[in-house]
Amino acid sequence: MAVSTLIGAKIHRREDPRLVSGRGRYVDDMQPTNVLHAAFIRSPYGHAKISRIDLTEATKAPGVEAIYTARDFEKILQGAMPVTNSFVADKKQPIGWAYIAKDETRYQGEIVAVVLARGRDEAADAASLVQVDYKPMTPVVDIDGAVAKGSPTAHSGIPDNIAWDTTVGGGDVKAAFAEADVVVKQRILQQRLFPIAMEGRALVVEYTPIENKLTMWSSTQVPHWVRLCLTLATGIPESNIRVIAPDVGGGFGSKIHIYPEEYLAAAASKLSGQAVKWVEERSENLTATHHGRAQIFDIEVAAKKDGTLLGYKVTQYVDTGAYVSVFSSFQCSAYAIAEGAYDLKNVEFRTVGVLTNTTPTDAYRGAGRPEATHAIERGIDLVARELGMDPVEIRRKNFTKKFPHTNYLGLIYDTGDYDKALTKALEIANYSELRRRQEDLRKQGKLIGIGLSTWIEVCGFGPGQGHATTFAQIAAETLGIPYDQTEVRTGDTGDTPFGYGTYGSRSLHVGGSAVLMSSRKVVDKAKKLAAHLLEAADEDVVFEGGRFYVKGSPDRAKTMGEIAFAAHRDNLPPGMEHGLEATTYYDPPDLSWPFGAHVCVVEVDPETGAVKLQRYVAVDDCGNVINPMIVEGQVHGGVVQGIGQALFEEVLYDHETGQLKTGTLREYMVPTANEIPEFVTERTVTPSITNPLGAKGIGEAGTIASSIAVINAVCDALTPLGIKHIDMPATSDRVWKLIKEAGK
Amino acid sequence: MIPAAFEYARASSVEEASSLLNRFGEGAKVLAGGHSLVPLMRLRLAQPKALVDINGIKDLDYVKADGSRLRIGALTRHVTIQRSKVVRDNLPILAEVAGEIGDNQVRNLGTIGGVVAYADAAGDYPTIALMLDADIVTNQRTIPAEDFFQDLFTTPLAPDEIVTEVVFPVASGPHKYIKFRRRLFDWAIVGAAAQKLNGGWRIGLTNVGPTPVRAKAVEDALQKGAKPEEAAEHASDGLEPADDLRANPEYKKHLARVLTRRAIQQAE
């Protein structure tokens, strides 16, 4: 393979042969000798007082080594769980998230005790013998219930359930609405979702006394954050903690959080003096791992008769669950791109955090951006409908066209050509023909819908995305060495001093750029050394195809390998240190703003309400592409997750008990390949100017664009019946109910 | 997802299985394909004291055409029924139903005897068994399907009684089973079956009550010459479906009518 074509090449993911043949190494594959297995005893209620914990029977069970409750952990863990508080400056109530419940539990799944046993089965058996006496209290399980006057509070002793209430804005919203010919209002539900990574969370942790060292294997997206938080909680110095994330079987945001189990397992290892292992069960995963979305948007869009958007008002309610989670600020990041792809300066965005007796919510693929996109893209369709305009026309009219663009908050969009992406998507979908066919079929009583979404994303601030391949492509290309001779190591705090981790579609934009810059530093040093060895001036040395030679004498060359060897020998130029390595801390000067346009075609069965996906076209622009195959894979997976939200998935709680009604994957419906149509994925390329690769993130694009493309298509299909809006998931029973009501 | 401890024994004959069930007594369960039982055990919703594994009983896995009857051994896997030429020739609707159960893994292990004995309201075979007056044969007696499905998960089976065979009438005329669900491998939200038999129609419904339902009112209306769309309006007569996460009773009744009409119209 010619090295000069590595960046942009459709190279198979180098991690796949290992992963698909069962040779991956996940946390559950780590088997330290004499490890104790942890089982967590969790509250079955939404809200309850703990009156007594009786360990008598459980302690006698075979294989049990120790059982710990809140009182034991107080000796090791300090205060409450560390939480980033960057966004909730206006936080109304500083509610700490306890590592383990002591007197009161506030969501189903909250930990009340930990069993350590020799075998995993023994731990599970003993856990069922721990007797906890609960006094159930009335839970609040949703936003409407929690904000209602006089509603019970999610925690005893707090005045209300408001966690934060913050408004940001720009322009003159009041004037914009006063001037408007038309104002549309809509309430949009972003139902609660399970992130459902294929691998649940998992931990192996070993504390070494005397040395006071802690080593943790964790299925996490953020090993360095885990290390930092463990230091904050345990007081063990960061330099004594090593956190390793081996192969991680998916995260989608659910592994960017540092969870109670991580602290408790670490503390349990210290208390017991033995290594501790815990592998999350699926049913446990559904209550103990954070949930996503769980929001309500109240939107108002003001426009002129000709379709020009004038102003936009949003109130976002975020159901935080029982505690404000570590990265819940991401959910609020909807404000950052509230106006989407449109040049709209008069925007007011209010975000309200609401505490409930449910599993805490946090980032889920897209985190804030799918929600923002959904709201504005629904809003613009409603305006178009009110004005009798084509949804394409109104989008084109309002697109942001000049870049760099400063949005209502002062954020700078680097580059974009939204019309180009939309035009390409419409061409592929054959939009005008689709509209004609839609008309014909409507006459036959068939309901065909065409949905658009034009999305933008801010990224640069998840696992299994093919870093080992893309990073290697960048390094190999820049260093002029064969791709096969590169190795990418990530996920071990012992290897790298600090990293923010992988989330927010940031890996390539930030990490990839750092790889590029380090590679360039290596080449610079190697060139100096080559000049020395070739007895030439630095500026006369040419680097080409992995070889260094003096201008005009390509035959007498030194390869990168020879230079690397020479860098460890004696013949170095004066002042040069040994070695050929470079470290780069890359903090991009600004964010990158990928974008795209998706078109979805659905057919709705007017009798049963069933929605059938017929066609899906995705045109995405993530700037320069390092590996098109990985980009396609990311788009496919993202679109499926968005379709999951649009048509299938919904977490439901019982209002009386605060228990999950969708407690297994039988009730919670993740779509499979059977339910998904074939996708057409295409690209436009508008390079970023905020990083040296010209790349933009792509990991979340599909999810951001697809739920709303599907919902807009369903709404479009139902237009002849006078139906304007449908909430997610657009299940057949929900569609049928709307059709029935419309017929009255 | 680790089941509670249980005893385990593998039987090589029906007699042995029966005596093992007797020996273990109350709280013992028969393990066939395991696709309903094992998930419940993993969630500890079921904690049987002992499992009697009947997968080693080879002579319960068969499909036989016997004059006007089609005999299917209780341990016959869904995939066998789906692909069997004998079933396709003699009772094609059953092969089609089998092909729509779960996914490949489920069809490779799940058995007809297991589905029938478990008597889940969302099971598909029970609907066909009931509407066609099939017989459920056990190691002790023969029970007409009409008497077998008593209530949700409730049958007349004694603790040491094992389903050994399901006997259907041969019916190769026009037929259709429509299984309405959100995902391909889900249980039916509602299922509707139509089968032409002896000059009349047999109509069955899945998951519209605690047991499978035979829609006699529809059959009678068709018998009296009603058009399918008229007759199908009776599909929800007397139904009291449960409210569950997938659908409320009103929607299920609506689906029963729509799907019954479509099943009759699409039967071929």
# chains A, B, ... in the order shown; residues from 1 in each chain; ligands from 1

call {"tool": "closest_atom_pairs", "arguments": {"of": "chain A", "to": "chain B", "cutoff": "8 Å", "atoms": "only C-alpha atoms", "output": "Markdown table"}}
result
| residue | atom | partner | partner_atom | distance |
| --- | --- | --- | --- | --- |
| A:Asp121 | CA | B:Ile2 | CA | 6.4 |
| A:Ala124 | CA | B:Ile2 | CA | 6.9 |
| A:Asp125 | CA | B:Ala4 | CA | 6.6 |
| A:Glu281 | CA | B:Met1 | CA | 5.9 |
| A:Arg282 | CA | B:Met1 | CA | 7.4 |
| A:Ser283 | CA | B:Met1 | CA | 7.5 |
| A:Glu607 | CA | B:Val258 | CA | 7.3 |
| A:Thr608 | CA | B:Leu255 | CA | 6.7 |
| A:Phe648 | CA | B:Arg182 | CA | 7.7 |
| A:Glu667 | CA | B:Leu245 | CA | 7.2 |
| A:Met669 | CA | B:Arg183 | CA | 7.9 |
| A:Pro671 | CA | B:Arg183 | CA | 6.8 |
| A:Thr672 | CA | B:Arg183 | CA | 7.5 |
| A:Asn674 | CA | B:Leu184 | CA | 6.4 |
| A:Glu675 | CA | B:Arg183 | CA | 6.4 |
| A:Thr731 | CA | B:Arg182 | CA | 7.9 |
| A:Asp733 | CA | B:Ala247 | CA | 6.3 |

call {"tool": "write_last_selection", "arguments": {"atoms": "all heavy atoms", "output": "compact mmCIF listing (two decimals), in the first residue's frame"}}
result
# COMPACT_ATOMS: atom_id res chain seq x y z
N ASP A 121 -21.53 -16.69 41.53
CA ASP A 121 -22.84 -17.24 41.87
C ASP A 121 -23.10 -17.13 43.37
O ASP A 121 -24.20 -16.86 43.81
CB ASP A 121 -22.94 -18.69 41.39
CG ASP A 121 -21.74 -19.54 41.79
OD1 ASP A 121 -20.73 -18.95 42.24
OD2 ASP A 121 -21.81 -20.77 41.66
N ALA A 124 -24.20 -13.70 44.16
CA ALA A 124 -25.60 -13.48 43.77
C ALA A 124 -26.55 -14.13 44.76
O ALA A 124 -27.57 -13.56 45.15
CB ALA A 124 -25.83 -14.01 42.35
N ASP A 125 -26.21 -15.36 45.19
CA ASP A 125 -27.07 -16.06 46.16
C ASP A 125 -27.12 -15.31 47.49
O ASP A 125 -28.19 -15.13 48.07
CB ASP A 125 -26.57 -17.49 46.40
CG ASP A 125 -26.86 -18.40 45.22
OD1 ASP A 125 -27.70 -18.01 44.38
OD2 ASP A 125 -26.25 -19.48 45.15
N GLU A 281 -24.96 -7.01 35.27
CA GLU A 281 -25.94 -7.83 34.57
C GLU A 281 -26.84 -6.91 33.75
O GLU A 281 -26.96 -5.73 34.05
CB GLU A 281 -26.79 -8.59 35.59
CG GLU A 281 -25.96 -9.51 36.46
CD GLU A 281 -26.79 -10.21 37.51
OE1 GLU A 281 -27.95 -9.83 37.70
OE2 GLU A 281 -26.26 -11.15 38.12
N ARG A 282 -27.52 -7.48 32.75
CA ARG A 282 -28.34 -6.62 31.88
C ARG A 282 -29.48 -5.97 32.66
O ARG A 282 -29.75 -4.79 32.51
CB ARG A 282 -28.87 -7.42 30.69
CG ARG A 282 -29.73 -6.61 29.73
CD ARG A 282 -28.99 -5.41 29.15
NE ARG A 282 -27.92 -5.81 28.25
CZ ARG A 282 -27.00 -4.96 27.76
NH1 ARG A 282 -27.02 -3.68 28.08
NH2 ARG A 282 -26.05 -5.39 26.97
N SER A 283 -30.15 -6.76 33.50
CA SER A 283 -31.27 -6.15 34.23
C SER A 283 -30.76 -5.08 35.19
O SER A 283 -31.44 -4.09 35.47
CB SER A 283 -32.07 -7.22 34.97
OG SER A 283 -31.20 -8.10 35.64
N GLU A 607 -54.95 1.85 8.85
CA GLU A 607 -55.82 1.04 9.70
C GLU A 607 -55.17 0.63 11.02
O GLU A 607 -55.78 0.67 12.07
CB GLU A 607 -56.22 -0.24 8.97
CG GLU A 607 -57.36 -0.03 8.00
CD GLU A 607 -57.91 -1.35 7.51
OE1 GLU A 607 -57.11 -2.19 7.03
OE2 GLU A 607 -59.12 -1.56 7.62
N THR A 608 -53.90 0.22 10.95
CA THR A 608 -53.24 -0.26 12.17
C THR A 608 -52.34 0.79 12.79
O THR A 608 -51.92 0.65 13.94
CB THR A 608 -52.36 -1.49 11.87
OG1 THR A 608 -51.31 -1.09 10.98
CG2 THR A 608 -53.17 -2.61 11.25
N PHE A 648 -39.31 3.04 18.37
CA PHE A 648 -39.34 1.83 19.19
C PHE A 648 -39.15 2.03 20.69
O PHE A 648 -39.86 1.47 21.49
CB PHE A 648 -38.27 0.84 18.70
CG PHE A 648 -38.50 0.34 17.31
CD1 PHE A 648 -37.91 0.96 16.22
CD2 PHE A 648 -39.32 -0.74 17.09
CE1 PHE A 648 -38.13 0.51 14.93
CE2 PHE A 648 -39.55 -1.21 15.80
CZ PHE A 648 -38.95 -0.58 14.72
N GLU A 667 -39.49 -5.81 27.06
CA GLU A 667 -40.41 -4.67 27.05
C GLU A 667 -39.79 -3.45 26.38
O GLU A 667 -40.50 -2.61 25.82
CB GLU A 667 -40.82 -4.27 28.47
CG GLU A 667 -41.60 -5.31 29.23
CD GLU A 667 -40.70 -6.27 29.99
OE1 GLU A 667 -39.56 -5.88 30.29
OE2 GLU A 667 -41.11 -7.40 30.26
N MET A 669 -37.78 -1.95 23.53
CA MET A 669 -37.57 -2.49 22.19
C MET A 669 -36.45 -1.79 21.44
O MET A 669 -36.63 -0.71 20.92
CB MET A 669 -38.86 -2.35 21.40
CG MET A 669 -40.01 -3.02 22.11
SD MET A 669 -41.12 -3.70 20.93
CE MET A 669 -42.12 -4.68 22.03
N PRO A 671 -34.41 -1.70 18.16
CA PRO A 671 -34.63 -2.26 16.82
C PRO A 671 -33.48 -3.17 16.39
O PRO A 671 -32.37 -3.04 16.88
CB PRO A 671 -34.69 -1.02 15.93
CG PRO A 671 -33.95 0.04 16.66
CD PRO A 671 -34.15 -0.26 18.13
N THR A 672 -33.79 -4.07 15.49
CA THR A 672 -32.76 -4.95 14.95
C THR A 672 -32.65 -4.69 13.45
O THR A 672 -33.42 -3.89 12.89
CB THR A 672 -33.14 -6.43 15.15
OG1 THR A 672 -34.24 -6.73 14.26
CG2 THR A 672 -33.57 -6.70 16.58
N ASN A 674 -33.70 -6.27 11.13
CA ASN A 674 -34.96 -6.55 10.43
C ASN A 674 -35.82 -5.31 10.25
O ASN A 674 -36.61 -5.23 9.32
CB ASN A 674 -35.78 -7.57 11.22
CG ASN A 674 -35.09 -8.89 11.34
OD1 ASN A 674 -34.63 -9.42 10.34
ND2 ASN A 674 -34.97 -9.40 12.54
N GLU A 675 -35.73 -4.39 11.20
CA GLU A 675 -36.64 -3.24 11.19
C GLU A 675 -36.05 -2.05 10.44
O GLU A 675 -36.67 -0.99 10.37
CB GLU A 675 -36.95 -2.81 12.63
CG GLU A 675 -37.93 -3.72 13.34
CD GLU A 675 -37.33 -5.07 13.73
OE1 GLU A 675 -36.23 -5.11 14.31
OE2 GLU A 675 -37.95 -6.09 13.41
N THR A 731 -45.15 4.65 17.85
CA THR A 731 -45.57 3.25 17.77
C THR A 731 -46.93 3.18 17.11
O THR A 731 -47.67 4.18 17.06
CB THR A 731 -45.67 2.65 19.18
OG1 THR A 731 -46.48 3.52 19.97
CG2 THR A 731 -44.30 2.55 19.82
N ASP A 733 -49.71 1.93 18.05
CA ASP A 733 -50.89 2.27 18.87
C ASP A 733 -51.02 3.78 19.03
O ASP A 733 -52.12 4.32 19.03
CB ASP A 733 -50.86 1.55 20.22
CG ASP A 733 -49.58 1.77 21.00
OD1 ASP A 733 -48.54 2.02 20.36
OD2 ASP A 733 -49.61 1.69 22.23

call {"tool": "select_by_dssp", "arguments": {"residues": "range 61-135 of chain B", "states": "strand (DSSP E or B)", "output": "list of chain:residue names"}}
result
B:Val63, B:Lys64, B:Ala65, B:Asp66, B:Arg69, B:Leu70, B:Arg71, B:Ile72, B:Gly73, B:Arg77, B:Thr111, B:Asp135

call {"tool": "select_by_dssp", "arguments": {"residues": "range 320-399 of chain A", "states": "alpha helix (DSSP H)", "output": "tab-separated table (two decimals) with N, CA and C atoms, in the first residue's frame"}}
result
chain	number	residue	atom	x	y	z
A	329	SER	N	-24.40	18.27	32.21
A	329	SER	CA	-24.28	19.53	31.46
A	329	SER	C	-24.38	19.29	29.96
A	330	PHE	N	-23.96	18.11	29.52
A	330	PHE	CA	-24.04	17.82	28.08
A	330	PHE	C	-25.48	17.83	27.59
A	331	GLN	N	-26.39	17.36	28.47
A	331	GLN	CA	-27.79	17.34	28.04
A	331	GLN	C	-28.29	18.74	27.79
A	332	CYS	N	-27.76	19.69	28.57
A	332	CYS	CA	-28.18	21.08	28.39
A	332	CYS	C	-27.52	21.71	27.17
A	369	ARG	N	-27.60	17.49	21.46
A	369	ARG	CA	-27.68	17.92	20.05
A	369	ARG	C	-28.83	17.26	19.27
A	370	PRO	N	-29.10	15.97	19.51
A	370	PRO	CA	-30.31	15.42	18.86
A	370	PRO	C	-31.56	16.14	19.35
A	371	GLU	N	-31.58	16.48	20.64
A	371	GLU	CA	-32.75	17.13	21.21
A	371	GLU	C	-32.94	18.51	20.58
A	372	ALA	N	-31.82	19.26	20.48
A	372	ALA	CA	-31.89	20.60	19.88
A	372	ALA	C	-32.33	20.51	18.43
A	373	THR	N	-31.75	19.57	17.70
A	373	THR	CA	-32.06	19.42	16.29
A	373	THR	C	-33.52	19.02	16.10
A	374	HIS	N	-33.96	18.11	16.96
A	374	HIS	CA	-35.34	17.67	16.89
A	374	HIS	C	-36.29	18.86	17.05
A	375	ALA	N	-36.00	19.70	18.02
A	375	ALA	CA	-36.89	20.82	18.33
A	375	ALA	C	-36.96	21.82	17.17
A	376	ILE	N	-35.82	22.24	16.67
A	376	ILE	CA	-35.84	23.27	15.62
A	376	ILE	C	-36.35	22.69	14.31
A	377	GLU	N	-36.01	21.44	14.02
A	377	GLU	CA	-36.43	20.84	12.75
A	377	GLU	C	-37.93	20.51	12.76
A	378	ARG	N	-38.47	20.24	13.93
A	378	ARG	CA	-39.92	20.08	14.05
A	378	ARG	C	-40.57	21.45	13.91
A	379	GLY	N	-39.96	22.42	14.57
A	379	GLY	CA	-40.49	23.78	14.55
A	379	GLY	C	-40.56	24.34	13.13
A	380	ILE	N	-39.50	24.16	12.36
A	380	ILE	CA	-39.47	24.75	11.01
A	380	ILE	C	-40.49	24.03	10.11
A	381	ASP	N	-40.70	22.74	10.32
A	381	ASP	CA	-41.72	22.03	9.56
A	381	ASP	C	-43.12	22.56	9.90
A	382	LEU	N	-43.33	22.84	11.16
A	382	LEU	CA	-44.64	23.36	11.57
A	382	LEU	C	-44.89	24.74	10.97
A	383	VAL	N	-43.84	25.56	10.92
A	383	VAL	CA	-43.98	26.89	10.29
A	383	VAL	C	-44.29	26.71	8.80
A	384	ALA	N	-43.55	25.81	8.15
A	384	ALA	CA	-43.76	25.58	6.72
A	384	ALA	C	-45.20	25.16	6.46
A	385	ARG	N	-45.69	24.30	7.33
A	385	ARG	CA	-47.04	23.80	7.15
A	385	ARG	C	-48.08	24.92	7.35
A	386	GLU	N	-47.82	25.74	8.36
A	386	GLU	CA	-48.71	26.86	8.65
A	386	GLU	C	-48.78	27.80	7.45
A	387	LEU	N	-47.63	27.95	6.77
A	387	LEU	CA	-47.55	28.90	5.65
A	387	LEU	C	-47.78	28.24	4.31
A	391	PRO	N	-41.14	22.15	2.84
A	391	PRO	CA	-40.10	22.14	3.88
A	391	PRO	C	-38.69	22.39	3.34
A	392	VAL	N	-38.49	22.08	2.07
A	392	VAL	CA	-37.17	22.34	1.47
A	392	VAL	C	-36.96	23.84	1.30
A	393	GLU	N	-37.99	24.45	0.76
A	393	GLU	CA	-37.91	25.89	0.46
A	393	GLU	C	-37.64	26.70	1.72
A	394	ILE	N	-38.36	26.39	2.79
A	394	ILE	CA	-38.20	27.19	4.01
A	394	ILE	C	-36.81	26.98	4.62
A	395	ARG	N	-36.28	25.79	4.46
A	395	ARG	CA	-34.93	25.55	4.98
A	395	ARG	C	-33.91	26.34	4.18
A	396	ARG	N	-34.00	26.24	2.87
A	396	ARG	CA	-33.05	26.96	2.02
A	396	ARG	C	-33.08	28.45	2.33
A	397	LYS	N	-34.27	28.96	2.53
A	397	LYS	CA	-34.42	30.40	2.76
A	397	LYS	C	-33.70	30.84	4.04
A	398	ASN	N	-33.65	29.96	5.01
A	398	ASN	CA	-33.14	30.37	6.32
A	398	ASN	C	-31.75	29.85	6.67

call {"tool": "residues_around", "arguments": {"residues": "range 140-154 of chain A", "least_positions_apart": "2", "cutoff": "8 Å", "atoms": "only C-alpha atoms", "output": "PyMOL selection string"}}
result
chain A and resi 46-47+106+138+156-162+295-296+317-319+322+354-358+653-655+658

call {"tool": "write_last_selection", "arguments": {"atoms": "N, CA, C and O atoms", "output": "compact mmCIF listing (two decimals), in the first residue's frame"}}
result
# COMPACT_ATOMS: atom_id res chain seq x y z
N GLY A 46 -38.76 3.28 44.03
CA GLY A 46 -38.39 4.61 43.54
C GLY A 46 -37.95 5.51 44.68
O GLY A 46 -36.98 6.25 44.56
N HIS A 47 -38.65 5.43 45.81
CA HIS A 47 -38.33 6.31 46.92
C HIS A 47 -38.70 5.57 48.19
O HIS A 47 -39.84 5.12 48.34
N ARG A 106 -33.44 6.81 46.59
CA ARG A 106 -34.19 7.77 45.78
C ARG A 106 -34.37 7.33 44.33
O ARG A 106 -34.89 8.08 43.53
N THR A 138 -44.02 8.00 48.46
CA THR A 138 -44.60 8.30 47.16
C THR A 138 -43.50 8.88 46.26
O THR A 138 -42.88 9.88 46.60
N SER A 156 -36.20 13.72 50.61
CA SER A 156 -36.84 14.26 51.81
C SER A 156 -36.16 15.58 52.16
O SER A 156 -34.93 15.68 52.09
N GLY A 157 -36.98 16.54 52.52
CA GLY A 157 -36.41 17.76 53.08
C GLY A 157 -35.94 18.81 52.09
O GLY A 157 -35.29 19.78 52.48
N ILE A 158 -36.23 18.64 50.80
CA ILE A 158 -35.89 19.73 49.87
C ILE A 158 -37.17 20.49 49.53
O ILE A 158 -38.26 19.92 49.56
N PRO A 159 -37.05 21.79 49.23
CA PRO A 159 -38.25 22.59 49.06
C PRO A 159 -39.05 22.24 47.80
O PRO A 159 -40.28 22.29 47.79
N ASP A 160 -38.37 21.91 46.73
CA ASP A 160 -39.07 21.52 45.50
C ASP A 160 -38.11 20.67 44.67
O ASP A 160 -37.02 20.34 45.14
N ASN A 161 -38.52 20.33 43.46
CA ASN A 161 -37.69 19.41 42.66
C ASN A 161 -36.84 20.11 41.60
O ASN A 161 -36.35 19.46 40.69
N ILE A 162 -36.72 21.43 41.70
CA ILE A 162 -35.96 22.14 40.68
C ILE A 162 -34.47 22.09 41.01
O ILE A 162 -34.04 22.57 42.06
N GLN A 295 -36.48 14.43 28.41
CA GLN A 295 -36.64 15.88 28.38
C GLN A 295 -37.97 16.27 27.75
O GLN A 295 -38.58 15.48 27.02
N ILE A 296 -38.37 17.49 28.05
CA ILE A 296 -39.53 18.07 27.36
C ILE A 296 -39.09 19.41 26.81
O ILE A 296 -38.41 20.19 27.51
N TYR A 317 -36.97 21.17 29.67
CA TYR A 317 -36.99 20.55 30.99
C TYR A 317 -36.17 19.28 30.90
O TYR A 317 -36.41 18.43 30.05
N VAL A 318 -35.18 19.16 31.77
CA VAL A 318 -34.36 17.96 31.80
C VAL A 318 -34.71 17.18 33.06
O VAL A 318 -34.56 17.70 34.17
N ASP A 319 -35.20 15.96 32.87
CA ASP A 319 -35.42 15.07 34.01
C ASP A 319 -34.05 14.53 34.42
O ASP A 319 -33.48 13.70 33.72
N ALA A 322 -32.66 11.05 39.99
CA ALA A 322 -32.58 11.32 41.43
C ALA A 322 -31.43 12.24 41.81
O ALA A 322 -31.45 12.86 42.86
N VAL A 354 -34.90 19.03 36.56
CA VAL A 354 -35.97 18.57 37.44
C VAL A 354 -35.58 17.23 38.07
O VAL A 354 -35.30 16.26 37.37
N LEU A 355 -35.57 17.20 39.39
CA LEU A 355 -35.24 15.96 40.11
C LEU A 355 -36.45 15.03 40.17
O LEU A 355 -37.57 15.49 40.42
N THR A 356 -36.22 13.76 39.92
CA THR A 356 -37.29 12.76 40.04
C THR A 356 -36.72 11.51 40.71
O THR A 356 -35.49 11.39 40.85
N ASN A 357 -37.57 10.58 41.09
CA ASN A 357 -37.10 9.33 41.70
C ASN A 357 -36.88 8.28 40.62
O ASN A 357 -37.57 7.25 40.56
N THR A 358 -35.94 8.59 39.76
CA THR A 358 -35.62 7.68 38.66
C THR A 358 -34.10 7.62 38.53
O THR A 358 -33.39 8.43 39.11
N TYR A 653 -41.79 4.20 33.73
CA TYR A 653 -41.82 3.91 35.17
C TYR A 653 -43.25 3.78 35.66
O TYR A 653 -44.15 4.46 35.15
N ASP A 654 -43.41 2.97 36.65
CA ASP A 654 -44.70 2.87 37.32
C ASP A 654 -44.85 4.05 38.28
O ASP A 654 -43.97 4.32 39.10
N HIS A 655 -45.96 4.76 38.17
CA HIS A 655 -46.15 5.97 38.97
C HIS A 655 -46.32 5.69 40.46
O HIS A 655 -46.01 6.53 41.29
N GLY A 658 -42.54 3.65 41.43
CA GLY A 658 -41.26 4.16 40.93
C GLY A 658 -40.39 3.06 40.35
O GLY A 658 -39.18 3.22 40.23

call {"tool": "residues_around", "arguments": {"residues": "Ala226 in chain B", "least_positions_apart": "5", "cutoff": "12 Å", "atoms": "only C-alpha atoms", "output": "PyMOL selection string"}}
result
chain B and resi 201+217-221+231-234+261+264

call {"tool": "residues_around", "arguments": {"residues": "Asn22 in chain B", "least_positions_apart": "4", "cutoff": "8 Å", "atoms": "only C-alpha atoms", "output": "list of chain:residue names"}}
result
B:Ser18, B:Pro159, B:Asp160

call {"tool": "atom_distance", "arguments": {"atom1": "CA of Leu20 in chain B", "atom2": "CA of Val106 in chain B"}}
result
26.4 Å

call {"tool": "residues_around", "arguments": {"residues": "range 66-76 of chain B", "least_positions_apart": "5", "cutoff": "6 Å", "atoms": "only C-alpha atoms", "output": "number ranges by chain"}}
result
B: 60-61, 111-113, 164-170

call {"tool": "atom_distance", "arguments": {"atom1": "CA of Gly480 in chain A", "atom2": "CA of Met517 in chain A"}}
result
14.1 Å

call {"tool": "residues_around", "arguments": {"residues": "range 226-232 of chain A", "least_positions_apart": "4", "cutoff": "10 Å", "atoms": "only C-alpha atoms", "output": "count of residues only"}}
result
32

call {"tool": "atom_distance", "arguments": {"atom1": "CA of Val87 in chain B", "atom2": "CA of Leu132 in chain B"}}
result
14.7 Å
